[in-house]
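Heads up, query.txt below (compact mmCIF, C-alpha atoms):
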```txt
# COMPACT_ATOMS: atom_id res chain seq x y z
CA MET A 1 -12.31 17.63 20.21
CA GLY A 2 -9.62 20.29 19.68
CA SER A 3 -6.86 17.74 19.20
CA ASP A 4 -9.11 15.68 16.93
CA ARG A 5 -9.67 18.71 14.72
CA VAL A 6 -5.95 19.47 14.54
CA LEU A 7 -5.24 15.89 13.49
CA ALA A 8 -8.02 16.01 10.89
CA VAL A 9 -6.45 19.12 9.38
CA LEU A 10 -3.02 17.47 9.37
CA LYS A 11 -4.37 14.40 7.55
CA GLU A 12 -6.08 16.55 4.92
CA LEU A 13 -2.92 18.58 4.31
CA ALA A 14 -1.17 15.35 3.35
CA ARG A 15 -3.62 14.99 0.47
CA PHE A 16 -2.47 18.27 -1.11
CA PRO A 17 1.27 18.07 -1.92
CA ASP A 18 0.97 21.28 -3.98
CA GLY A 19 -0.66 23.15 -1.11
CA VAL A 20 -4.25 24.08 -0.31
CA GLY A 21 -5.96 27.36 0.53
CA LEU A 22 -7.84 28.00 3.75
CA ASP A 23 -11.22 28.22 2.02
CA GLU A 24 -10.78 24.91 0.19
CA LEU A 25 -9.49 23.17 3.29
CA THR A 26 -12.46 24.47 5.25
CA ARG A 27 -14.86 23.04 2.67
CA VAL A 28 -13.14 19.66 2.62
CA ILE A 29 -13.11 19.27 6.40
CA GLY A 30 -16.55 20.74 6.92
CA SER A 31 -15.65 22.87 9.93
CA PRO A 32 -15.95 26.62 10.52
CA LYS A 33 -13.12 28.64 9.02
CA PRO A 34 -11.94 30.03 12.41
CA THR A 35 -11.66 26.45 13.75
CA VAL A 36 -9.58 25.30 10.80
CA HIS A 37 -7.46 28.45 10.99
CA ARG A 38 -6.70 27.83 14.66
CA ALA A 39 -5.76 24.22 13.91
CA LEU A 40 -3.40 25.40 11.17
CA GLY A 41 -1.87 27.88 13.59
CA ALA A 42 -1.17 25.10 16.08
CA LEU A 43 0.41 22.96 13.36
CA ARG A 44 2.55 25.85 12.14
CA ARG A 45 3.86 26.57 15.64
CA ALA A 46 4.88 22.90 15.92
CA GLY A 47 6.58 22.97 12.51
CA LEU A 48 4.10 20.43 11.13
CA ALA A 49 2.53 22.86 8.63
CA ASP A 50 3.76 25.85 6.67
CA GLN A 51 2.65 28.36 4.05
CA ASP A 52 4.25 28.66 0.63
CA ASP A 53 4.84 31.84 -1.36
CA SER A 54 1.21 31.77 -2.52
CA SER A 55 -0.07 31.56 1.07
CA ARG A 56 -1.24 28.00 0.49
CA TYR A 57 -0.81 25.58 3.34
CA VAL A 58 1.53 22.59 3.02
CA LEU A 59 3.01 19.98 5.33
CA GLY A 60 5.89 21.45 7.28
CA ASP A 61 9.52 20.42 6.96
CA GLU A 62 9.56 19.10 10.52
CA PHE A 63 6.69 16.73 9.77
CA LEU A 64 8.47 15.48 6.65
CA ARG A 65 11.73 15.06 8.56
CA MET A 66 10.03 12.97 11.25
CA ALA A 67 8.08 10.89 8.73
CA PHE A 68 11.10 10.04 6.58
CA ALA A 69 13.35 9.41 9.57
CA HIS A 70 10.78 7.04 11.05
CA HIS A 71 10.23 5.27 7.75
CA GLU A 72 13.92 4.79 7.03
CA ALA A 73 14.52 3.42 10.55
CA ARG A 74 11.72 0.85 10.52
CA PRO A 75 13.21 -2.65 10.85
CA ASP A 76 10.94 -4.11 8.17
CA HIS A 77 11.87 -1.38 5.71
CA VAL A 78 15.60 -1.80 6.35
CA ARG A 79 15.48 -5.57 5.91
CA VAL A 80 13.23 -5.73 2.87
CA ARG A 81 14.70 -2.87 0.82
CA PRO A 82 17.65 -4.87 -0.63
CA VAL A 83 15.25 -7.61 -1.70
CA LEU A 84 13.00 -5.11 -3.47
CA GLU A 85 15.99 -3.59 -5.22
CA ALA A 86 17.11 -7.02 -6.42
CA LEU A 87 13.64 -7.88 -7.73
CA ALA A 88 13.21 -4.52 -9.49
CA HIS A 89 16.64 -4.88 -11.12
CA ARG A 90 16.09 -8.49 -12.19
CA PHE A 91 12.63 -8.07 -13.72
CA GLY A 92 12.72 -4.42 -14.75
CA GLU A 93 9.43 -3.84 -12.93
CA THR A 94 8.28 -2.25 -9.67
CA ALA A 95 8.63 -4.19 -6.41
CA HIS A 96 6.50 -3.51 -3.32
CA TYR A 97 6.35 -4.47 0.32
CA ALA A 98 2.89 -4.16 1.86
CA VAL A 99 1.06 -5.11 5.05
CA LEU A 100 -2.57 -5.96 5.70
CA ASP A 101 -4.73 -3.44 7.56
CA GLY A 102 -8.33 -4.59 7.79
CA ARG A 103 -9.86 -4.62 4.30
CA GLU A 104 -6.88 -2.82 2.77
CA VAL A 105 -3.18 -3.20 2.18
CA VAL A 106 -0.74 -0.43 3.04
CA TYR A 107 2.46 -0.04 1.03
CA ARG A 108 5.48 0.27 3.32
CA ALA A 109 8.21 0.24 0.66
CA LYS A 110 8.48 0.56 -3.09
CA VAL A 111 11.38 0.30 -5.53
CA ASP A 112 11.07 1.21 -9.19
CA PRO A 113 13.33 -0.42 -11.80
CA PRO A 114 16.59 1.40 -12.53
CA THR A 115 15.67 2.06 -16.17
CA GLY A 116 12.54 2.11 -18.27
CA ALA A 117 10.25 2.76 -15.34
CA VAL A 118 6.62 3.59 -15.93
CA ARG A 119 5.45 4.91 -12.59
CA LEU A 120 2.52 3.10 -11.02
CA THR A 121 -0.18 4.77 -8.95
CA SER A 122 1.03 3.11 -5.74
CA THR A 123 2.84 5.26 -3.18
CA ILE A 124 4.53 4.52 0.13
CA GLY A 125 1.80 4.86 2.74
CA GLY A 126 -0.87 4.45 0.07
CA ARG A 127 -3.67 1.93 0.28
CA ASN A 128 -5.52 -0.46 -2.01
CA PRO A 129 -8.32 -2.97 -1.41
CA ALA A 130 -6.90 -6.26 -0.16
CA HIS A 131 -9.22 -8.43 -2.26
CA SER A 132 -8.06 -6.94 -5.58
CA THR A 133 -4.30 -7.08 -4.96
CA ALA A 134 -1.87 -9.99 -4.97
CA VAL A 135 -0.27 -8.82 -1.71
CA GLY A 136 -3.72 -8.66 -0.11
CA LYS A 137 -4.79 -12.07 -1.29
CA VAL A 138 -1.60 -13.79 -0.18
CA LEU A 139 -2.06 -12.36 3.33
CA LEU A 140 -5.83 -12.92 3.48
CA ALA A 141 -5.31 -16.57 2.58
CA ARG A 142 -3.58 -17.02 5.93
CA GLU A 143 -6.46 -15.47 7.88
CA LEU A 144 -9.58 -16.53 5.97
CA THR A 145 -9.47 -20.30 5.64
CA SER A 146 -13.17 -21.08 5.21
CA LEU A 147 -16.12 -19.77 3.24
CA GLU A 148 -17.73 -18.64 6.49
CA GLU A 149 -14.67 -16.60 7.45
CA VAL A 150 -14.59 -14.95 4.03
CA ARG A 151 -18.30 -14.15 4.29
CA ALA A 152 -17.84 -12.63 7.75
CA TRP A 153 -14.86 -10.57 6.56
CA VAL A 154 -16.80 -9.17 3.62
CA GLY A 155 -19.87 -8.49 5.77
CA ASP A 156 -22.43 -6.04 4.42
CA VAL A 157 -19.91 -3.83 2.61
CA PRO A 158 -19.66 -4.72 -1.10
CA LEU A 159 -16.21 -5.49 -2.45
CA ALA A 160 -15.01 -2.65 -4.66
CA ARG A 161 -14.84 -3.39 -8.37
CA ARG A 162 -11.58 -1.67 -9.31
CA THR A 163 -11.56 -3.16 -12.82
CA PRO A 164 -13.84 -5.52 -14.77
CA ARG A 165 -11.61 -8.37 -13.54
CA SER A 166 -11.92 -7.65 -9.80
CA LEU A 167 -13.20 -10.49 -7.61
CA CYS A 168 -16.34 -9.03 -6.05
CA THR A 169 -18.25 -12.01 -4.64
CA VAL A 170 -17.66 -14.05 -1.51
CA ALA A 171 -17.55 -17.27 -3.53
CA ASP A 172 -15.00 -15.98 -6.03
CA LEU A 173 -12.74 -14.58 -3.31
CA HIS A 174 -12.94 -17.80 -1.30
CA THR A 175 -12.00 -19.86 -4.36
CA ALA A 176 -9.04 -17.58 -5.06
CA LEU A 177 -7.81 -17.73 -1.46
CA GLU A 178 -8.05 -21.53 -1.46
CA ALA A 179 -5.80 -21.61 -4.52
CA VAL A 180 -3.33 -19.25 -2.86
CA SER A 181 -3.17 -21.50 0.22
CA VAL A 182 -2.28 -24.47 -1.94
CA GLN A 183 0.31 -22.79 -4.17
CA GLY A 184 1.89 -20.48 -1.57
CA TYR A 185 1.78 -17.36 -3.73
CA ALA A 186 -0.88 -15.05 -5.16
CA CYS A 187 -1.45 -13.46 -8.53
CA GLU A 188 -3.77 -10.76 -9.73
CA ASP A 189 -4.30 -10.23 -13.42
CA GLN A 190 -5.32 -6.59 -13.90
CA GLU A 191 -7.78 -6.86 -10.99
CA ASN A 192 -6.70 -3.67 -9.26
CA GLU A 193 -5.35 -1.54 -12.11
CA THR A 194 -5.93 -2.11 -15.81
CA GLY A 195 -2.71 -2.97 -17.60
CA VAL A 196 -0.89 -4.07 -14.45
CA HIS A 197 -0.63 -7.53 -12.94
CA CYS A 198 1.24 -8.80 -9.88
CA LEU A 199 2.72 -11.83 -8.21
CA ALA A 200 3.16 -11.78 -4.43
CA LEU A 201 4.75 -13.93 -1.76
CA PRO A 202 4.49 -13.65 2.04
CA VAL A 203 7.60 -12.60 3.95
CA PHE A 204 8.53 -13.26 7.57
CA LEU A 205 10.36 -10.24 8.97
CA THR A 206 9.12 -10.01 12.55
CA SER A 207 7.67 -13.44 13.37
CA PRO A 208 8.97 -16.95 12.71
CA THR A 209 5.49 -18.25 11.81
CA ALA A 210 3.18 -15.37 10.84
CA PRO A 211 3.97 -13.23 7.78
CA SER A 212 4.66 -9.59 8.57
CA GLY A 213 3.58 -8.63 5.09
CA ALA A 214 4.08 -9.54 1.46
CA VAL A 215 6.46 -8.68 -1.35
CA SER A 216 5.16 -8.30 -4.88
CA ILE A 217 6.37 -7.63 -8.39
CA SER A 218 3.94 -5.32 -10.18
CA ALA A 219 4.46 -5.64 -13.92
CA LEU A 220 3.08 -3.85 -16.94
CA ALA A 221 1.04 -6.44 -18.82
CA TYR A 222 2.30 -5.44 -22.27
CA ARG A 223 5.91 -5.77 -21.17
CA THR A 224 6.09 -8.68 -18.72
CA PRO A 225 3.47 -11.43 -19.03
CA LEU A 226 2.10 -12.81 -15.79
CA THR A 227 3.21 -16.26 -16.92
CA ALA A 228 6.80 -15.01 -16.99
CA LEU A 229 6.58 -14.11 -13.30
CA VAL A 230 5.03 -17.46 -12.41
CA ASP A 231 7.70 -19.30 -14.40
CA ALA A 232 10.36 -17.39 -12.43
CA LEU A 233 8.83 -18.30 -9.05
CA ASP A 234 11.85 -20.33 -7.89
CA GLU A 235 14.17 -17.46 -8.77
CA ILE A 236 11.96 -14.99 -6.92
CA ARG A 237 11.99 -17.21 -3.83
CA ALA A 238 15.76 -17.45 -4.07
CA LEU A 239 16.07 -13.65 -4.15
CA LEU A 240 13.84 -13.41 -1.06
CA GLY A 241 16.05 -15.95 0.69
CA PRO A 242 15.22 -16.72 4.33
CA LEU A 243 12.59 -13.95 4.41
CA ALA A 244 10.30 -16.13 2.31
CA GLU A 245 10.22 -19.09 4.69
CA PRO A 246 8.63 -19.48 8.13
CA HIS A 247 11.10 -20.82 10.65
CA ALA A 248 11.12 -22.23 14.14
```
For this file, write the structure as structure tokens.
Amino acid sequence: MGSDRVLAVLKELARFPDGVGLDELTRVIGSPKPTVHRALGALRRAGLADQDDSSRYVLGDEFLRMAFAHHEARPDHVRVRPVLEALAHRFGETAHYAVLDGREVVYRAKVDPPTGAVRLTSTIGGRNPAHSTAVGKVLLARELTSLEEVRAWVGDVPLARRTPRSLCTVADLHTALEAVSVQGYACEDQENETGVHCLALPVFLTSPTAPSGAVSISALAYRTPLTALVDALDEIRALLGPLAEPHA
């Protein structure tokens, strides 16, 4: 239980980039103050937590060093980064690489355009519902090939309605995934974030047959119409190169 509590404190610290006081952290975690204080002490001794000039707790430099070193060294990140840079430069929009994790997608890499960037809410390590994102739908289409499989995946937990356009029924999601299977790519038109739409393609970084994740272009609707991304599909596939195709 002690190690679990320390890890819980570490995870909560990551949610407060500007630091958090002991009292607030205690309320968030729901543990006695002495327990949280001891966990913070253990993290500080390991260099995984620190206190700023206002005595607020923040993630330690050692934790950040390990996290960034690990992220930069990941094979998928190293291989996909040049592709994301090319897509962001070509379309002047943000490019992502994400993987599927249960009912969510996790963003492993993100590249903003070199100029004119309007920052999106996505962050590396951040999550979004799979059903409302293009990256999620293009990966789900490979796993959920029947109405029964979609129904089992949804289960008793309602699909989150992120915007008025989100697909929130089993039937609607199944229909969308069937279309993705046929066309080989996925779109979402302001289903996850109002004013933003995406086009995504699967990429094959670690397996010759199963996609390791998906690459997407997330575009501001007023600036880049979704139809413009669909019309440029061949060019996008060309920029992805061999990463976009399964191989023997």
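The smallest atom-to-atom distance between Met66 (chain A) and any of A:Leu173, A:Leu139, A:Val111, A:Leu48, using only C-alpha atoms, is found for A:Leu48.
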Between CA of Cys198 (chain A) and CA of Leu87 (chain A) lies a distance of 12.6 Å
task: With a distance cut-off of 10 Å and only C-alpha atoms, select the neighbouring residues of Ala39 (chain A), excluding the residue or stretch itself and same-chain residues fewer than 4 positions from it, and output the selection as a ChimeraX atom specification.
output: /A:2-10,33-35,43-44,49
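Proximity to Arg161 (chain A) at 12 Å, evaluated using only C-alpha atoms and with sequence-adjacent residues fewer than 3 positions away removed, yields Asn128, Pro129, Ala130, His131, Ser132, Thr133, Pro158, Pro164, Arg165, Ser166, Leu167, Cys168, Thr169, Gln190, Glu191, Asn192, Glu193 and Thr194 of chain A.
Taking CA of Glu143 (chain A) as the reference point, CA of Thr209 (chain A) is found at 12.9 Å.
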query: Got a sec: who's within 12 Å of Tyr97 (chain A), counting only C-alpha atoms, leaving out chain neighbours fewer than 4 positions off, as number ranges by chain?
result: A: 76-85, 87-88, 105-111, 122-127, 134-136, 139, 199-205, 211-218, 240
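Here the question is which of A:Leu59, A:Ala42, A:Ala95, A:Ala141 gets nearest to Val20 (chain A) using all atoms listed in the file, and that residue is A:Leu59.
By all atoms listed in the file, and with residues fewer than 4 positions from Gln51 (chain A) along its chain excluded, the set lying at most 10 Å from it is Gly19, Val20, Gly21, Leu40, Arg44, Ser55, Arg56, Tyr57, Val58, Leu59 and Gly60 of chain A.
If you look at CA of Val196 (chain A) and CA of Phe91 (chain A), they are 14.1 Å away from each other.
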Judged by only C-alpha atoms, the minimum distance to Arg142 (chain A) among A:His197, A:Arg65, A:His174, A:Lys11 is found for A:His174
Would you compute the box with edges along x, y and z of the file around region 227-240 of chain A, including every atom the file lists for it and 3 Å extra on each side, and give its centre and edge lengths in Å to one decimal, as JSON?
```
{"center_x": 9.6, "center_y": -16.9, "center_z": -9.0, "size_x": 18.9, "size_y": 12.9, "size_z": 21.9}
```
